[in-house]
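Chemist: Structure supplied as input.cif; contents: mmCIF, C-alpha atoms.
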```cif
data_upload
#
loop_
_atom_site.label_atom_id
_atom_site.label_comp_id
_atom_site.auth_asym_id
_atom_site.auth_seq_id
_atom_site.Cartn_x
_atom_site.Cartn_y
_atom_site.Cartn_z
CA MET A 1041 -45.37 -32.02 20.35
CA THR A 1042 -47.46 -33.11 17.38
CA ILE A 1043 -50.49 -31.08 16.38
CA LEU A 1044 -53.37 -32.94 14.79
CA PRO A 1045 -54.75 -31.86 11.41
CA VAL A 1046 -57.48 -29.26 11.34
CA CYS A 1047 -60.89 -30.81 10.77
CA PHE A 1048 -62.94 -27.70 10.00
CA THR A 1049 -62.51 -23.97 9.61
CA VAL A 1050 -63.76 -21.52 12.19
CA ARG A 1051 -66.67 -20.48 10.02
CA SER A 1052 -67.76 -24.06 9.34
CA LEU A 1053 -67.81 -24.71 13.08
CA GLN A 1054 -69.96 -21.63 13.58
CA SER A 1055 -72.41 -22.79 10.93
CA ARG A 1056 -72.87 -26.11 12.69
CA ARG A 1057 -73.60 -24.64 16.11
CA THR A 1058 -77.22 -24.27 17.13
CA GLY A 1059 -78.84 -22.21 19.88
CA VAL A 1060 -76.68 -20.86 22.69
CA ASN A 1061 -72.92 -20.89 22.26
CA MET A 1062 -71.82 -24.27 23.65
CA PHE A 1063 -68.15 -23.31 23.75
CA THR A 1064 -67.11 -21.06 26.61
CA SER A 1065 -63.46 -22.13 26.85
CA PHE A 1066 -60.51 -22.70 24.55
CA LEU A 1067 -57.59 -25.04 25.10
CA ILE A 1068 -54.45 -23.43 23.71
CA LYS A 1069 -51.92 -25.79 22.17
CA TYR A 1070 -48.27 -24.94 21.66
CA ALA A 1071 -45.60 -26.99 19.94
CA GLU A 1072 -42.03 -25.70 20.13
CA ILE A 1073 -42.41 -24.34 23.65
CA GLY A 1074 -42.98 -27.89 24.85
CA VAL A 1075 -39.32 -28.85 24.24
CA LYS A 1076 -37.79 -25.97 26.23
CA GLY A 1077 -36.94 -28.11 29.26
CA LYS A 1078 -36.43 -26.27 32.54
CA ASN A 1079 -37.01 -22.90 30.86
CA ARG A 1080 -40.39 -23.95 29.53
CA TYR A 1081 -42.30 -22.02 32.21
CA LEU A 1082 -40.73 -18.74 31.03
CA PHE A 1083 -42.08 -19.26 27.51
CA GLU A 1084 -45.47 -20.36 28.84
CA ASP A 1085 -45.70 -17.23 31.00
CA ALA A 1086 -44.75 -15.08 27.99
CA LEU A 1087 -47.43 -16.79 25.91
CA VAL A 1088 -50.07 -16.20 28.60
CA LYS A 1089 -49.09 -12.52 28.67
CA GLN A 1090 -49.38 -12.23 24.88
CA ILE A 1091 -52.77 -13.99 24.88
CA ARG A 1092 -54.11 -11.59 27.51
CA HIS A 1093 -52.86 -8.64 25.47
CA ALA A 1094 -54.44 -9.97 22.25
CA LEU A 1095 -57.81 -10.62 23.90
CA LYS A 1096 -58.10 -6.98 24.93
CA LYS A 1097 -59.10 -6.38 21.29
CA ALA A 1098 -61.76 -9.11 21.35
CA ASP A 1099 -65.40 -8.60 22.28
CA GLY A 1100 -65.77 -10.11 25.75
CA ASP A 1101 -64.03 -10.67 29.07
CA PHE A 1102 -61.70 -13.63 29.53
CA GLN A 1103 -59.61 -15.41 32.12
CA VAL A 1104 -56.35 -16.92 30.88
CA ARG A 1105 -54.95 -19.61 33.15
CA LYS A 1106 -52.04 -22.03 33.07
CA THR A 1107 -52.51 -25.36 34.81
CA ASP A 1108 -51.04 -28.86 34.51
CA GLY A 1109 -49.04 -28.02 31.40
CA ARG A 1110 -52.13 -26.61 29.71
CA ILE A 1111 -53.22 -23.05 28.89
CA TYR A 1112 -56.95 -22.31 28.92
CA VAL A 1113 -58.92 -19.24 27.87
CA ASP A 1114 -62.25 -19.08 29.73
CA ALA A 1115 -64.96 -16.62 28.75
CA VAL A 1116 -66.38 -14.91 31.83
CA SER A 1117 -68.95 -12.87 29.90
CA ALA A 1118 -70.82 -12.99 26.61
CA PHE A 1119 -68.29 -12.94 23.76
CA ASP A 1120 -67.99 -12.97 19.99
CA TYR A 1121 -66.70 -16.42 19.01
CA GLU A 1122 -65.14 -15.53 15.65
CA ASP A 1123 -63.68 -12.29 16.98
CA THR A 1124 -62.02 -14.21 19.81
CA VAL A 1125 -60.59 -16.90 17.55
CA GLU A 1126 -59.28 -14.26 15.13
CA ALA A 1127 -57.46 -12.51 17.99
CA LEU A 1128 -55.91 -15.79 19.17
CA GLN A 1129 -54.78 -16.65 15.64
CA LYS A 1130 -52.49 -13.62 15.74
CA VAL A 1131 -50.57 -14.73 18.84
CA PHE A 1132 -47.17 -16.22 18.02
CA GLY A 1133 -46.52 -19.34 20.06
CA ILE A 1134 -50.02 -20.76 19.60
CA SER A 1135 -50.09 -23.78 17.29
CA GLY A 1136 -53.69 -24.79 17.86
CA ILE A 1137 -56.90 -23.36 19.32
CA CYS A 1138 -59.38 -25.96 20.58
CA PRO A 1139 -62.94 -24.91 21.46
CA VAL A 1140 -63.78 -27.11 24.46
CA VAL A 1141 -66.80 -28.12 26.45
CA SER A 1142 -65.97 -28.58 30.14
CA VAL A 1143 -68.12 -30.71 32.43
CA GLU A 1144 -67.94 -31.71 36.06
CA ASP A 1145 -67.10 -35.32 36.91
CA GLU A 1146 -70.50 -36.87 37.64
CA GLY A 1147 -69.61 -40.39 36.62
CA PHE A 1148 -69.01 -42.13 33.32
CA GLU A 1149 -72.71 -42.44 32.44
CA LYS A 1150 -73.22 -38.67 32.65
CA LEU A 1151 -70.03 -38.14 30.66
CA GLY A 1152 -71.34 -40.45 27.95
CA GLU A 1153 -74.55 -38.44 27.75
CA ARG A 1154 -72.58 -35.22 27.42
CA VAL A 1155 -70.36 -36.65 24.66
CA VAL A 1156 -73.41 -37.84 22.72
CA LYS A 1157 -74.95 -34.37 23.05
CA TYR A 1158 -71.66 -32.77 21.93
CA LEU A 1159 -71.53 -34.89 18.76
CA ASP A 1160 -75.18 -34.18 18.04
CA GLU A 1161 -74.70 -30.40 18.24
CA VAL A 1162 -71.37 -30.17 16.45
CA TYR A 1163 -71.90 -32.83 13.75
CA PRO A 1164 -75.49 -32.92 12.44
CA ASP A 1165 -74.37 -35.40 9.75
CA LYS A 1166 -73.54 -38.58 11.61
CA HIS A 1167 -72.25 -40.50 8.61
CA LYS A 1168 -68.68 -40.08 9.76
CA THR A 1169 -65.84 -42.11 11.17
CA PHE A 1170 -64.45 -41.34 14.60
CA LYS A 1171 -61.80 -42.20 17.14
CA VAL A 1172 -61.84 -41.49 20.87
CA ALA A 1173 -58.53 -40.21 22.27
CA ALA A 1174 -58.77 -40.04 26.06
CA ARG A 1175 -56.12 -38.67 28.39
CA ARG A 1176 -56.39 -39.38 32.11
CA ALA A 1177 -54.28 -36.75 33.85
CA ARG A 1178 -56.16 -37.32 37.11
CA LYS A 1179 -55.11 -40.83 38.10
CA ASN A 1180 -57.92 -41.41 40.61
CA TYR A 1181 -60.46 -41.63 37.81
CA PRO A 1182 -61.83 -45.23 37.87
CA LEU A 1183 -61.10 -45.95 34.17
CA ASP A 1184 -57.74 -45.64 32.48
CA SER A 1185 -57.30 -44.03 29.06
CA MET A 1186 -57.68 -47.24 27.03
CA GLU A 1187 -60.81 -48.22 28.96
CA ILE A 1188 -62.33 -44.77 28.39
CA ASN A 1189 -61.59 -45.07 24.66
CA MET A 1190 -63.29 -48.45 24.38
CA GLU A 1191 -66.27 -47.70 26.64
CA MET A 1192 -66.96 -44.29 25.10
CA GLY A 1193 -66.67 -45.76 21.60
CA GLY A 1194 -69.42 -48.20 22.54
CA VAL A 1195 -71.62 -45.41 23.91
CA ILE A 1196 -71.24 -43.43 20.67
CA LEU A 1197 -72.01 -46.46 18.45
CA ASP A 1198 -75.11 -47.24 20.52
CA ALA A 1199 -76.34 -43.66 20.12
CA TYR A 1200 -75.39 -43.29 16.46
CA PRO A 1201 -75.17 -46.67 14.68
CA GLU A 1202 -74.42 -44.90 11.38
CA MET A 1203 -71.05 -43.77 12.73
CA LYS A 1204 -68.01 -46.04 12.31
CA VAL A 1205 -64.72 -46.38 14.17
CA ASP A 1206 -61.52 -45.61 12.25
CA VAL A 1207 -58.37 -45.54 14.38
CA HIS A 1208 -56.09 -44.51 11.48
CA LYS A 1209 -57.74 -41.62 9.60
CA PRO A 1210 -60.99 -40.72 11.37
CA ASP A 1211 -63.20 -37.85 10.28
CA ILE A 1212 -63.61 -36.93 13.95
CA MET A 1213 -60.84 -37.18 16.53
CA LEU A 1214 -62.75 -36.88 19.80
CA HIS A 1215 -60.50 -35.80 22.69
CA ILE A 1216 -61.53 -36.37 26.28
CA GLU A 1217 -59.16 -35.02 28.94
CA ILE A 1218 -59.74 -36.01 32.56
CA ARG A 1219 -58.37 -33.19 34.72
CA ASP A 1220 -59.84 -30.93 37.45
CA LYS A 1221 -62.83 -30.97 35.14
CA ILE A 1222 -63.41 -33.10 32.06
CA TYR A 1223 -62.72 -31.39 28.77
CA ILE A 1224 -64.25 -32.50 25.46
CA TYR A 1225 -63.09 -31.22 22.08
CA SER A 1226 -62.65 -32.36 18.49
CA GLU A 1227 -61.60 -29.23 16.61
CA ILE A 1228 -58.09 -27.80 16.33
CA ILE A 1229 -58.07 -24.39 14.66
CA PRO A 1230 -54.56 -23.55 13.45
CA GLY A 1231 -52.57 -20.82 15.18
CA PRO A 1232 -49.55 -19.03 13.70
CA GLY A 1233 -46.98 -21.17 15.55
CA GLY A 1234 -43.56 -19.81 16.39
CA MET A 1235 -42.49 -18.36 19.75
CA PRO A 1236 -44.11 -15.69 21.96
CA VAL A 1237 -43.01 -12.17 21.04
CA GLY A 1238 -40.43 -10.82 23.46
CA THR A 1239 -38.69 -14.12 24.20
CA GLY A 1240 -36.08 -13.62 21.47
CA GLY A 1241 -34.77 -10.09 22.02
CA LYS A 1242 -35.42 -7.05 19.81
CA ALA A 1243 -34.40 -6.09 16.27
CA MET A 1244 -34.79 -3.14 13.91
CA LEU A 1245 -36.72 -3.70 10.67
CA LEU A 1246 -35.93 -1.59 7.60
CA LEU A 1247 -39.54 -1.13 6.51
CA SER A 1248 -40.39 0.13 3.04
CA GLY A 1249 -43.70 0.30 1.22
CA GLY A 1250 -42.99 -2.88 -0.75
CA ILE A 1251 -44.12 -6.46 -0.41
CA ASP A 1252 -40.97 -7.95 1.11
CA SER A 1253 -40.07 -6.03 4.26
CA PRO A 1254 -43.41 -6.46 6.12
CA VAL A 1255 -43.14 -10.21 5.48
CA ALA A 1256 -39.56 -10.22 6.78
CA GLY A 1257 -40.67 -8.44 9.97
CA TYR A 1258 -43.50 -10.92 10.46
CA MET A 1259 -41.19 -13.91 10.02
CA ILE A 1260 -38.56 -12.68 12.49
CA ALA A 1261 -41.26 -11.72 15.01
CA LYS A 1262 -42.61 -15.26 14.69
CA ARG A 1263 -39.35 -16.42 16.28
CA GLY A 1264 -40.14 -14.39 19.40
CA VAL A 1265 -38.31 -11.18 18.42
CA LYS A 1266 -39.77 -7.78 19.34
CA ILE A 1267 -39.82 -5.49 16.31
CA ASP A 1268 -39.01 -1.80 15.95
CA ALA A 1269 -38.85 -0.27 12.47
CA VAL A 1270 -37.26 2.51 10.45
CA TYR A 1271 -38.67 4.02 7.26
CA PHE A 1272 -36.70 6.32 4.94
CA HIS A 1273 -38.90 9.10 3.59
CA ALA A 1274 -37.86 11.40 0.73
CA PRO A 1275 -40.23 14.37 0.39
CA PRO A 1276 -41.18 15.87 -2.01
CA TYR A 1277 -40.14 12.94 -4.23
CA THR A 1278 -42.22 10.60 -2.09
CA SER A 1279 -45.67 11.74 -1.01
CA GLU A 1280 -47.23 11.90 2.42
CA ARG A 1281 -49.46 9.08 1.23
CA ALA A 1282 -46.35 6.92 0.79
CA LYS A 1283 -45.59 7.43 4.49
CA GLU A 1284 -49.20 6.65 5.43
CA LYS A 1285 -48.91 3.44 3.41
CA VAL A 1286 -45.89 2.36 5.48
CA VAL A 1287 -47.73 3.21 8.71
CA ASP A 1288 -50.63 1.07 7.49
CA LEU A 1289 -48.23 -1.81 6.81
CA ALA A 1290 -46.69 -1.42 10.26
CA ARG A 1291 -50.18 -1.50 11.76
CA LYS A 1292 -50.95 -4.82 10.02
CA VAL A 1293 -47.67 -6.35 11.20
CA ALA A 1294 -48.32 -4.98 14.71
CA GLN A 1295 -51.45 -7.15 14.93
CA TYR A 1296 -49.00 -10.04 15.36
CA THR A 1297 -46.03 -8.32 17.02
CA GLY A 1298 -47.63 -5.84 19.38
CA PRO A 1299 -46.83 -2.09 19.24
CA ILE A 1300 -44.08 -1.07 16.80
CA TYR A 1301 -41.91 2.00 17.31
CA LEU A 1302 -41.62 3.33 13.76
CA HIS A 1303 -38.80 5.81 13.10
CA VAL A 1304 -39.39 8.00 10.03
CA ILE A 1305 -36.10 9.38 8.67
CA ASN A 1306 -36.04 12.24 6.17
CA PHE A 1307 -33.57 10.91 3.61
CA THR A 1308 -34.00 13.50 0.83
CA ASP A 1309 -30.88 15.59 1.40
CA ILE A 1310 -28.67 12.51 1.80
CA GLN A 1311 -30.11 10.98 -1.33
CA MET A 1312 -29.64 14.13 -3.41
CA TYR A 1313 -26.07 14.56 -2.14
CA ILE A 1314 -25.20 10.99 -3.14
CA TYR A 1315 -26.89 11.59 -6.51
CA ASP A 1316 -24.71 14.69 -7.10
CA LYS A 1317 -21.40 13.23 -5.92
CA CYS A 1318 -21.35 9.52 -6.84
CA PRO A 1319 -21.55 7.47 -10.05
CA HIS A 1320 -25.19 6.86 -10.86
CA ASP A 1321 -24.78 3.14 -11.45
CA GLU A 1322 -23.63 2.88 -7.81
CA LEU A 1323 -26.37 5.12 -6.42
CA THR A 1324 -28.57 2.32 -5.06
CA ILE A 1325 -25.69 0.54 -3.32
CA ILE A 1326 -24.25 3.67 -1.70
CA MET A 1327 -27.71 4.85 -0.70
CA ARG A 1328 -28.38 1.43 0.82
CA ARG A 1329 -25.11 1.55 2.77
CA TYR A 1330 -26.15 4.85 4.36
CA MET A 1331 -29.57 3.48 5.19
CA MET A 1332 -27.91 0.59 6.99
CA ARG A 1333 -25.59 2.96 8.85
CA ILE A 1334 -28.51 5.10 10.05
CA ALA A 1335 -30.70 2.11 10.92
CA GLU A 1336 -27.86 0.64 12.95
CA ARG A 1337 -27.38 3.90 14.88
CA ILE A 1338 -31.07 3.90 15.82
CA ALA A 1339 -30.98 0.16 16.56
CA LYS A 1340 -28.10 0.51 19.01
CA GLU A 1341 -29.81 3.40 20.80
CA SER A 1342 -32.95 1.24 21.05
CA ASP A 1343 -31.10 -1.80 22.46
CA CYS A 1344 -31.78 -3.85 19.34
CA LEU A 1345 -29.62 -6.89 18.68
CA GLY A 1346 -29.73 -6.80 14.89
CA LEU A 1347 -31.23 -5.40 11.71
CA ILE A 1348 -33.93 -7.04 9.57
CA THR A 1349 -34.33 -6.59 5.82
CA GLY A 1350 -36.58 -8.12 3.19
CA GLU A 1351 -33.79 -8.89 0.75
CA SER A 1352 -33.82 -12.03 -1.41
CA ILE A 1353 -30.81 -13.13 -3.45
CA GLY A 1354 -30.95 -11.88 -7.02
CA GLN A 1355 -34.35 -10.24 -6.81
CA VAL A 1356 -32.98 -6.82 -7.87
CA ALA A 1357 -29.54 -5.38 -8.59
CA SER A 1358 -28.96 -4.35 -4.97
CA GLN A 1359 -29.66 -7.91 -3.80
CA THR A 1360 -27.05 -9.89 -5.69
CA MET A 1361 -24.49 -11.71 -3.57
CA HIS A 1362 -21.90 -9.05 -4.48
CA SER A 1363 -24.26 -6.22 -3.54
CA LEU A 1364 -25.29 -7.78 -0.24
CA MET A 1365 -21.64 -8.28 0.72
CA VAL A 1366 -20.90 -4.61 0.03
CA THR A 1367 -24.00 -3.49 1.94
CA ASN A 1368 -23.18 -5.68 4.93
CA GLU A 1369 -19.68 -4.23 5.20
CA VAL A 1370 -20.92 -1.10 7.00
CA CYS A 1371 -22.74 -3.02 9.76
CA GLU A 1372 -21.47 -4.16 13.13
CA LEU A 1373 -24.80 -5.66 14.17
CA PRO A 1374 -25.95 -8.87 12.48
CA VAL A 1375 -28.36 -8.45 9.56
CA TYR A 1376 -31.23 -10.95 9.49
CA ARG A 1377 -32.69 -11.72 6.05
CA PRO A 1378 -35.46 -14.31 6.51
CA LEU A 1379 -36.48 -14.13 2.84
CA ILE A 1380 -33.00 -14.65 1.44
CA GLY A 1381 -33.82 -17.93 -0.36
CA PHE A 1382 -37.48 -17.22 -1.21
CA ASP A 1383 -38.80 -16.50 -4.68
CA LYS A 1384 -41.30 -13.70 -5.21
CA MET A 1385 -44.40 -15.88 -5.29
CA GLU A 1386 -43.50 -17.47 -1.96
CA ILE A 1387 -43.17 -14.00 -0.46
CA VAL A 1388 -46.47 -12.88 -2.03
CA ASP A 1389 -48.23 -15.92 -0.56
CA ILE A 1390 -47.15 -14.95 2.96
CA SER A 1391 -48.05 -11.29 2.39
CA GLU A 1392 -51.56 -12.34 1.38
CA LYS A 1393 -51.81 -14.57 4.44
CA ILE A 1394 -50.94 -11.70 6.80
CA ASP A 1395 -53.04 -9.19 4.84
CA THR A 1396 -50.24 -6.83 3.80
CA TYR A 1397 -50.23 -7.55 0.05
CA GLU A 1398 -53.06 -5.23 -1.03
CA THR A 1399 -51.51 -2.35 0.91
CA SER A 1400 -48.01 -3.07 -0.42
CA ILE A 1401 -49.10 -2.83 -4.07
CA LEU A 1402 -50.74 0.57 -3.68
CA PRO A 1403 -49.06 2.94 -6.20
CA TYR A 1404 -47.13 5.13 -3.76
CA GLU A 1405 -43.39 4.83 -4.34
CA ASP A 1406 -40.77 4.92 -1.60
CA CYS A 1407 -37.29 6.43 -1.76
CA CYS A 1408 -35.75 3.13 -2.87
CA THR A 1409 -37.61 3.26 -6.15
CA ILE A 1410 -37.35 6.98 -6.99
CA PHE A 1411 -33.62 7.31 -7.71
CA VAL A 1412 -32.85 4.12 -9.59
CA ALA A 1413 -30.22 4.12 -12.34
CA LYS A 1414 -31.11 2.74 -15.76
CA HIS A 1415 -28.24 0.29 -15.48
CA PRO A 1416 -27.36 -0.24 -11.80
CA VAL A 1417 -24.19 -2.14 -11.00
CA THR A 1418 -24.87 -5.78 -10.09
CA LYS A 1419 -21.32 -6.71 -9.05
CA PRO A 1420 -20.08 -3.70 -7.10
CA ASN A 1421 -16.44 -3.57 -6.08
CA LEU A 1422 -16.08 -2.64 -2.40
CA LYS A 1423 -12.81 -0.82 -3.01
CA PHE A 1424 -14.40 1.38 -5.70
CA ILE A 1425 -17.52 1.99 -3.58
CA LYS A 1426 -15.42 3.19 -0.64
CA ARG A 1427 -13.36 5.40 -2.93
CA HIS A 1428 -16.47 7.03 -4.38
CA GLU A 1429 -17.94 7.51 -0.90
CA GLU A 1430 -14.93 9.73 -0.17
CA ASN A 1431 -16.62 12.24 -2.51
CA LEU A 1432 -19.24 12.66 0.22
CA ALA A 1433 -16.79 13.51 3.01
CA GLU A 1434 -17.50 17.25 3.08
CA LYS A 1435 -21.15 17.08 4.17
CA ILE A 1436 -22.34 13.50 4.65
CA ASP A 1437 -21.74 13.26 8.41
CA GLU A 1438 -23.64 16.49 8.97
CA LEU A 1439 -26.53 15.31 6.79
CA VAL A 1440 -26.71 11.97 8.59
CA GLN A 1441 -26.76 13.69 11.98
CA THR A 1442 -29.51 16.05 10.83
CA ALA A 1443 -31.56 13.08 9.64
CA LEU A 1444 -31.15 11.41 13.03
CA ASP A 1445 -31.94 14.62 14.93
CA THR A 1446 -35.20 15.05 12.98
CA ASP A 1447 -36.29 11.43 13.44
CA GLU A 1448 -40.10 11.29 13.64
CA LEU A 1449 -41.22 8.54 16.01
CA ILE A 1450 -44.65 6.99 15.45
CA ILE A 1451 -45.94 4.36 17.88
CA VAL A 1452 -48.01 1.98 15.78
CA SER A 1453 -50.42 -0.41 17.47
#
```
Would it be possible to restate this file's structure as structure tokens?
Modeler:
Amino acid sequence: MTILPVCFTVRSLQSRRTGVNMFTSFLIKYAEIGVKGKNRYLFEDALVKQIRHALKKADGDFQVRKTDGRIYVDAVSAFDYEDTVEALQKVFGISGICPVVSVEDEGFEKLGERVVKYLDEVYPDKHKTFKVAARRARKNYPLDSMEINMEMGGVILDAYPEMKVDVHKPDIMLHIEIRDKIYIYSEIIPGPGGMPVGTGGKAMLLLSGGIDSPVAGYMIAKRGVKIDAVYFHAPPYTSERAKEKVVDLARKVAQYTGPIYLHVINFTDIQMYIYDKCPHDELTIIMRRYMMRIAERIAKESDCLGLITGESIGQVASQTMHSLMVTNEVCELPVYRPLIGFDKMEIVDISEKIDTYETSILPYEDCCTIFVAKHPVTKPNLKFIKRHEENLAEKIDELVQTALDTDELIIVS
């Protein structure tokens, strides 16, 4: 399903409106869901559920309904327009949000009057090109789609001679949908796209205080995956403020994903034991392997189907191809790395878009950055890593179990 280009931002639409709010409904467009065949209704129902959940945070009462392959959000009380649109823009599965005017079918002449009024209120400057795109879903309407296009175009030109028709690249694409009612709209505000959360299973995100991991969680959730998270805390080397920073990041991601179960693991004793027993140039890799082991244990207990990390090839020593291979070796579950081919600026751009960047750059270090060797190995040898991990045999299992037993669970919403 093709989504038309956005004509105006939400704020520009607000600035053009005069008097009482003329928009009391929104047509919700989706793209990928439309190609799901016989299972399409399952994804539509999931999207309706997510929309209802998101609108609980908006100012107003709404009815969300699915009819004739369309999803509508109808305001049933006074509501804040921008607040509502902002809530809808955080629902994965929505590709476009169309503020609509709905009118009863009182004949073509009355419809023409309503369209002229719509254009007058929404577009004070009439020196624009336009195209009418009618869709007659109700086949008993006396005019077909092409006839509506031509007749309505004439009505508009009679009312506003300064406007011109452009069927290729119009300034205004005026949609008229003939259904139970008649819906008029010309704006498509972009949604986040993707698939409704919960339609793709569940996965465990290794969440740090950096830029990358919140973006990775966002990107996997955009594919319909429910997100839980684990954070490795190392007091006193990392402060309580470092943990609060991660909770803040989880809260920002949760605006898109819904509530996140955040597991806070005290990693200090494990980290210090590795530091005492293993070569320091291998510290990051061995530490990372134990993080993956612990995250996988929690993931399996939480019915997760995989792990998520924010790793990108070559970004740091622990993210070379050699290092990633050695890290992966401890995992039975698949490890999803949505940022694997991204450069840092691409990741930063997404973090700014989802409002995690400013929190991520706050100067509170996590355990991954505290114990870093001056010259970490970039091409670790798995055989040597396993041999050096044997130095940990005396206490490591006990320390891992203690870390799991003292797991602090924070429900972030």
Chemist: Would you write out, as a list in words, every residue that the PyMOL selection byres ((chain A and resi 1083) around 9) captures in this file?
Modeler: Ile1073, Lys1076, Asn1079, Arg1080, Tyr1081, Leu1082, Glu1084, Asp1085, Ala1086, Leu1087, Val1088, Gly1133, Met1235, Pro1236 and Thr1239 of chain A
Chemist: Keeping only C-alpha atoms, write those residues as a PDB file, keeping the file's coordinate frame.
Modeler:
```
ATOM      1  CA  ILE A1073     -42.410 -24.340  23.650  1.00  0.00           C
ATOM      2  CA  LYS A1076     -37.790 -25.970  26.230  1.00  0.00           C
ATOM      3  CA  ASN A1079     -37.010 -22.900  30.860  1.00  0.00           C
ATOM      4  CA  ARG A1080     -40.390 -23.950  29.530  1.00  0.00           C
ATOM      5  CA  TYR A1081     -42.300 -22.020  32.210  1.00  0.00           C
ATOM      6  CA  LEU A1082     -40.730 -18.740  31.030  1.00  0.00           C
ATOM      7  CA  GLU A1084     -45.470 -20.360  28.840  1.00  0.00           C
ATOM      8  CA  ASP A1085     -45.700 -17.230  31.000  1.00  0.00           C
ATOM      9  CA  ALA A1086     -44.750 -15.080  27.990  1.00  0.00           C
ATOM     10  CA  LEU A1087     -47.430 -16.790  25.910  1.00  0.00           C
ATOM     11  CA  VAL A1088     -50.070 -16.200  28.600  1.00  0.00           C
ATOM     12  CA  GLY A1133     -46.520 -19.340  20.060  1.00  0.00           C
ATOM     13  CA  MET A1235     -42.490 -18.360  19.750  1.00  0.00           C
ATOM     14  CA  PRO A1236     -44.110 -15.690  21.960  1.00  0.00           C
ATOM     15  CA  THR A1239     -38.690 -14.120  24.200  1.00  0.00           C
TER      16      THR A1239
END
```
Chemist: As a check of understanding, name the residues that the PyMOL selection byres ((chain A and resi 1377-1385) around 12) selects in the supplied structure, as a PyMOL selection string.
Modeler: chain A and resi 1243-1246+1250-1263+1346-1356+1359-1361+1364+1368+1374-1376+1386-1392+1397
Chemist: Kindly indicate which residue among A:Leu1128, A:Val1140, A:Val1162, A:Ala1115 lies nearest to Gln1295 (chain A), using all atoms listed in the file for the distances.
Modeler: A:Leu1128
Chemist: May I have the residues within 12 Å of Asp1268 (chain A) as a ChimeraX atom specification, using all atoms listed in the file and disregarding those fewer than 4 positions away in the same chain?
Modeler: /A:1238,1241-1247,1254,1257-1258,1260-1261,1290-1291,1293-1294,1297-1304,1335-1336,1338-1348,1449-1453
Chemist: I'd like the residues picked by the PyMOL selection byres ((chain A and resi 1103) around 8) written out as JSON, numbers by chain, using the chain letters and numbers from the file.
Modeler: {"A": [1101, 1102, 1104, 1105, 1113, 1114, 1115, 1116]}
Chemist: Counting only C-alpha atoms, figure out which residue out of A:Tyr1296, A:Val1207, A:Lys1171, A:Ile1222 gets nearest to Ala1127 (chain A).
Modeler: A:Tyr1296
Chemist: At a cut-off of 12 Å, using all atoms listed in the file, what residues contact Gly1249 (chain A)? Leave out same-chain residues fewer than 5 positions from it and give the result as number ranges by chain.
Modeler: A: 1254-1255, 1270-1273, 1278-1279, 1281-1290, 1350, 1396-1409
Chemist: Given only C-alpha atoms as the basis, pick out the residue of A:Met1365, A:Leu1095, A:Met1331, A:Ile1137 nearest to Thr1124 (chain A).
Modeler: A:Leu1095
Chemist: Work out how far apart CA of Arg1337 (chain A) and CA of Lys1426 (chain A) are and give it in Å to one decimal.
Modeler: 19.6 Å
Chemist: Can you list, as a list of chain:residue names, every protein, DNA or RNA residue that comes within 8 Å of Ser1226 (chain A) when you count only C-alpha atoms, leaving out same-chain residues fewer than 2 positions away?
Modeler: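 Using only C-alpha atoms, the neighbours found are A:Cys1138, A:Ile1212, A:Met1213, A:Leu1214, A:His1215, A:Ile1224, A:Ile1228.
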Chemist: Can those selected residues be exported to a file as an mmCIF file, in the coordinates of the input so that it contains C-alpha atoms?
Modeler:
```
data_model
loop_
_atom_site.group_PDB
_atom_site.id
_atom_site.type_symbol
_atom_site.label_atom_id
_atom_site.label_comp_id
_atom_site.auth_asym_id
_atom_site.auth_seq_id
_atom_site.Cartn_x
_atom_site.Cartn_y
_atom_site.Cartn_z
ATOM 1 C CA CYS A 1138 -59.380 -25.960 20.580
ATOM 2 C CA ILE A 1212 -63.610 -36.930 13.950
ATOM 3 C CA MET A 1213 -60.840 -37.180 16.530
ATOM 4 C CA LEU A 1214 -62.750 -36.880 19.800
ATOM 5 C CA HIS A 1215 -60.500 -35.800 22.690
ATOM 6 C CA ILE A 1224 -64.250 -32.500 25.460
ATOM 7 C CA ILE A 1228 -58.090 -27.800 16.330
#
```
Chemist: Here is a test: counting only C-alpha atoms, which residue of A:Lys1317, A:Phe1119, A:Val1143, A:Ala1094 is nearest to Glu1430 (chain A)?
Modeler: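 Answer, going by the shortest atom-to-atom distance: A:Lys1317.
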Chemist: For CA of Pro1232 (chain A) and CA of Pro1210 (chain A), quote the distance in Å rounded to one decimal.
Modeler: 24.6 Å
Chemist: When distances are computed from all atoms listed in the file, which of A:Pro1420, A:His1208, A:Ile1394, A:Leu1432 shows the smallest separation from Tyr1330 (chain A)?
Modeler: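 Checking each of A:Pro1420, A:His1208, A:Ile1394, A:Leu1432 against Tyr1330 (chain A), counting all atoms listed in the file, the winner is A:Leu1432.
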Chemist: CA of Tyr1315 (chain A) and CA of Tyr1277 (chain A) are how many Å apart?
Modeler: 13.5 Å
Chemist: Just want the 12 Å neighbourhood of Gly1194 (chain A), counted on only C-alpha atoms, with same-chain residues fewer than 4 positions away dropped. Output as a ChimeraX atom specification.
Modeler: /A:1149,1152,1155-1156,1170-1172,1187-1190,1198-1201,1203-1205
Chemist: Set the distance at 7 Å and use all atoms listed in the file: which residues neighbour Thr1308 (chain A) once local chain neighbours fewer than 4 positions away are removed? I'd like the list as a PyMOL selection string.
Modeler: chain A and resi 1274-1275+1312
Chemist: Could you check which of A:Leu1151, A:Met1186, A:Ala1173, A:Met1327 is closest to Asp1309 (chain A), using only C-alpha atoms?
Modeler: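 Selected residue with least distance to Asp1309 (chain A): A:Met1327.
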